[in-house]
file protein-v3.txt (compact mmCIF, C-alpha atoms)
# COMPACT_ATOMS: atom_id res chain seq x y z
CA MET P 1 0.00 0.00 0.00
CA THR P 2 1.19 3.48 -0.73
CA ASP P 3 -1.54 5.67 0.82
CA LEU P 4 -3.48 5.07 4.00
CA ASN P 5 -6.07 7.32 5.59
CA ILE P 6 -7.42 5.60 8.70
CA VAL P 7 -9.58 6.72 11.61
CA PHE P 8 -9.77 4.54 14.71
CA SER P 9 -12.99 4.91 16.70
CA ILE P 10 -12.04 3.90 20.24
CA GLY P 11 -14.99 3.88 22.61
CA ALA P 12 -13.83 1.22 25.06
CA LEU P 13 -10.65 -0.62 25.89
CA ALA P 14 -10.61 -4.32 25.05
CA PHE P 15 -7.40 -5.85 26.34
CA GLU P 16 -4.83 -8.27 25.00
CA GLY P 17 -3.21 -9.24 28.28
CA ASP P 18 -2.60 -5.94 30.08
CA LEU P 19 -2.31 -3.86 26.89
CA PRO P 20 -5.37 -2.18 25.39
CA ALA P 21 -5.89 -3.75 21.97
CA PRO P 22 -6.56 -0.41 20.21
CA LEU P 23 -3.17 0.96 21.29
CA PHE P 24 -1.49 -2.27 20.21
CA HIS P 25 -3.25 -2.14 16.83
CA LEU P 26 -2.28 1.49 16.30
CA LYS P 27 1.36 0.54 16.85
CA LEU P 28 1.00 -2.38 14.41
CA ILE P 29 -0.41 -0.21 11.63
CA THR P 30 2.20 2.51 12.16
CA ASP P 31 4.92 -0.16 11.96
CA ASP P 32 3.37 -1.37 8.70
CA ILE P 33 3.25 2.15 7.32
CA VAL P 34 6.98 2.59 7.96
CA GLU P 35 7.75 -0.81 6.41
CA TRP P 36 5.68 0.02 3.32
CA ASN P 37 7.14 3.53 3.11
CA ALA P 38 3.55 4.68 2.68
CA ARG P 39 2.03 8.12 2.96
CA SER P 40 -0.50 8.09 5.74
CA GLU P 41 -2.85 9.99 7.96
CA VAL P 42 -3.92 8.07 11.04
CA VAL P 43 -6.40 9.57 13.50
CA ALA P 44 -7.33 7.96 16.82
CA VAL P 45 -10.56 9.28 18.32
CA PHE P 46 -11.01 8.32 21.98
CA HIS P 47 -14.55 8.62 23.31
CA THR P 48 -17.15 7.20 25.68
CA ASN P 49 -15.48 4.66 28.01
CA ALA P 50 -11.97 5.18 26.59
CA GLY P 51 -11.65 8.95 26.91
CA HIS P 52 -9.56 8.70 30.06
CA VAL P 53 -6.59 7.53 27.94
CA ALA P 54 -6.11 11.19 26.95
CA LEU P 55 -5.72 12.48 30.52
CA HIS P 56 -2.52 13.52 32.29
CA ASP P 57 -1.63 11.76 35.56
CA ASP P 58 -3.47 14.01 38.03
CA ALA P 59 -6.65 14.18 35.97
CA TYR P 60 -6.47 10.42 35.32
CA ASP P 61 -6.17 9.72 39.04
CA ARG P 62 -9.11 12.00 39.86
CA ASP P 63 -11.29 10.47 37.16
CA ARG P 64 -10.39 6.85 37.87
CA ASN P 65 -10.26 7.29 41.67
CA ILE P 66 -6.74 5.84 41.91
CA ALA P 67 -3.21 7.12 42.53
CA THR P 68 -1.16 5.39 39.83
CA GLY P 69 -1.16 7.98 37.06
CA ASN P 70 -2.09 7.30 33.46
CA PRO P 71 -0.51 3.96 32.50
CA TYR P 72 -1.08 4.69 28.79
CA LYS P 73 0.65 8.08 28.57
CA SER P 74 3.95 6.75 27.18
CA ILE P 75 2.14 4.67 24.56
CA VAL P 76 0.07 7.71 23.51
CA ALA P 77 3.22 9.85 23.34
CA ASP P 78 4.91 7.22 21.16
CA LEU P 79 1.91 7.14 18.81
CA VAL P 80 2.05 10.93 18.48
CA THR P 81 5.77 10.74 17.57
CA ARG P 82 4.81 8.14 14.94
CA GLY P 83 2.47 10.69 13.37
CA VAL P 84 -0.86 9.55 14.80
CA SER P 85 -3.27 12.40 15.47
CA VAL P 86 -4.83 11.63 18.86
CA GLU P 87 -8.20 13.24 19.54
CA LEU P 88 -10.66 13.27 22.41
CA CYS P 89 -14.40 13.50 21.88
CA GLY P 90 -15.62 16.87 23.12
CA ALA P 91 -18.91 15.39 24.29
CA THR P 92 -17.04 12.82 26.39
CA ALA P 93 -14.84 15.56 27.84
CA LYS P 94 -17.89 17.68 28.67
CA ALA P 95 -19.71 14.76 30.31
CA HIS P 96 -16.70 14.16 32.58
CA GLY P 97 -15.92 17.82 33.23
CA TRP P 98 -12.48 17.60 31.58
CA ASN P 99 -10.87 20.63 29.96
CA ASN P 100 -7.69 21.21 27.96
CA ALA P 101 -5.62 21.53 31.15
CA ASP P 102 -6.49 17.89 31.98
CA LEU P 103 -5.06 16.45 28.77
CA LEU P 104 -1.77 14.92 27.75
CA PRO P 105 0.34 17.02 25.37
CA ASP P 106 -0.69 17.04 21.70
CA ILE P 107 -4.25 15.83 22.32
CA GLN P 108 -6.83 17.63 20.21
CA VAL P 109 -10.47 17.93 21.27
CA ASN P 110 -13.13 17.63 18.58
CA THR P 111 -16.82 18.56 18.78
CA ASP P 112 -17.87 14.96 19.25
CA ALA P 113 -16.68 11.58 18.06
CA MET P 114 -19.66 10.86 15.81
CA ALA P 115 -19.31 14.12 13.90
CA ARG P 116 -15.53 13.83 13.58
CA ILE P 117 -15.56 10.22 12.43
CA SER P 118 -18.36 10.98 9.96
CA GLN P 119 -16.34 13.89 8.60
CA LEU P 120 -13.24 11.75 8.09
CA VAL P 121 -15.18 8.86 6.51
CA GLN P 122 -16.76 11.30 4.06
CA GLN P 123 -13.22 12.48 3.22
CA GLY P 124 -12.28 8.91 2.32
CA TYR P 125 -10.78 7.62 5.56
CA ILE P 126 -11.27 3.95 6.40
CA GLN P 127 -12.93 3.55 9.79
CA ILE P 128 -11.65 0.93 12.20
CA THR P 129 -13.82 0.49 15.27
CA GLU P 130 -12.14 -0.82 18.39

call {"tool": "encode", "arguments": {"input": "protein-v3.txt", "output": "structure tokens"}}
result
Amino acid sequence: MTDLNIVFSIGALAFEGDLPAPLFHLKLITDDIVEWNARSEVVAVFHTNAGHVALHDDAYDRDRNIATGNPYKSIVADLVTRGVSVELCGATAKAHGWNNADLLPDIQVNTDAMARISQLVQQGYIQITE
């Protein structure tokens, strides 16, 4: 493949062992893209029961009622360095009372996941639902 435009709709975290499958799959496809030397745009939209992946440690702890910090932050940071655009559903953020100050670096907030994913699909992106 030479061109890939993919949007991942991530509304919940299914696990493969202790690793969320969507994060594992995002790494797999970005590895493939490098191997194929393909042009790509990969967008990961976290929403509903997976929005907490986008939170920094303090906000994660408050939201999840724990004191461990966000265990996914290094994986998200690696995906961003690989060129993945990581987005948080604005409706999910609003429902939880999160604002931009609660987010990991480089996380974009969209209006809502349904609108954003619809927009990208209409632009020719392939939707992968995790």

call {"tool": "residues_near_point", "arguments": {"input": "protein-v3.txt", "point": "(-12.4, 4.6, 10.1)", "cutoff": "12 Å", "atoms": "only C-alpha atoms", "output": "NGL selection string"}}
result
:P and (4-10 or 41-45 or 113-114 or 116-130)

call {"tool": "closest_residue", "arguments": {"input": "protein-v3.txt", "among": "P:Ala12, P:Val86, P:Met1, P:Ala21", "to": "Asn110 in chain P", "atoms": "only C-alpha atoms"}}
result
P:Val86

call {"tool": "closest_residue", "arguments": {"input": "protein-v3.txt", "among": "P:Thr81, P:His96, P:His47, P:Leu23", "to": "Arg64 in chain P", "atoms": "all atoms listed in the file"}}
result
P:His96

call {"tool": "closest_residue", "arguments": {"input": "protein-v3.txt", "among": "P:Glu87, P:Val109, P:Thr2, P:His56", "to": "Glu35 in chain P", "atoms": "only C-alpha atoms"}}
result
P:Thr2

call {"tool": "atom_distance", "arguments": {"input": "protein-v3.txt", "atom1": "CA of Val76 in chain P", "atom2": "CA of Leu104 in chain P"}}
result
8.6 Å

call {"tool": "atom_distance", "arguments": {"input": "protein-v3.txt", "atom1": "CA of Leu55 in chain P", "atom2": "CA of Gly17 in chain P"}}
result
22.0 Å

call {"tool": "closest_residue", "arguments": {"input": "protein-v3.txt", "among": "P:Gly97, P:Asn37, P:Ile107, P:Asp32", "to": "Ser85 in chain P", "atoms": "only C-alpha atoms"}}
result
P:Ile107

call {"tool": "residues_around", "arguments": {"input": "protein-v3.txt", "residues": "Pro20 in chain P", "least_positions_apart": "3", "cutoff": "12 Å", "atoms": "only C-alpha atoms", "output": "NGL selection string"}}
result
:P and (10-17 or 23-27 or 50 or 53 or 71-72 or 75-76 or 130)

call {"tool": "atom_distance", "arguments": {"input": "protein-v3.txt", "atom1": "CA of Thr48 in chain P", "atom2": "CA of Leu88 in chain P"}}
result
9.5 Å

call {"tool": "closest_residue", "arguments": {"input": "protein-v3.txt", "among": "P:Val84, P:Asp112, P:Asn65, P:Arg39", "to": "His52 in chain P", "atoms": "all atoms listed in the file"}}
result
P:Asn65

call {"tool": "closest_residue", "arguments": {"input": "protein-v3.txt", "among": "P:Pro105, P:Ala115, P:Leu79, P:Asp3", "to": "Ala38 in chain P", "atoms": "all atoms listed in the file"}}
result
P:Asp3
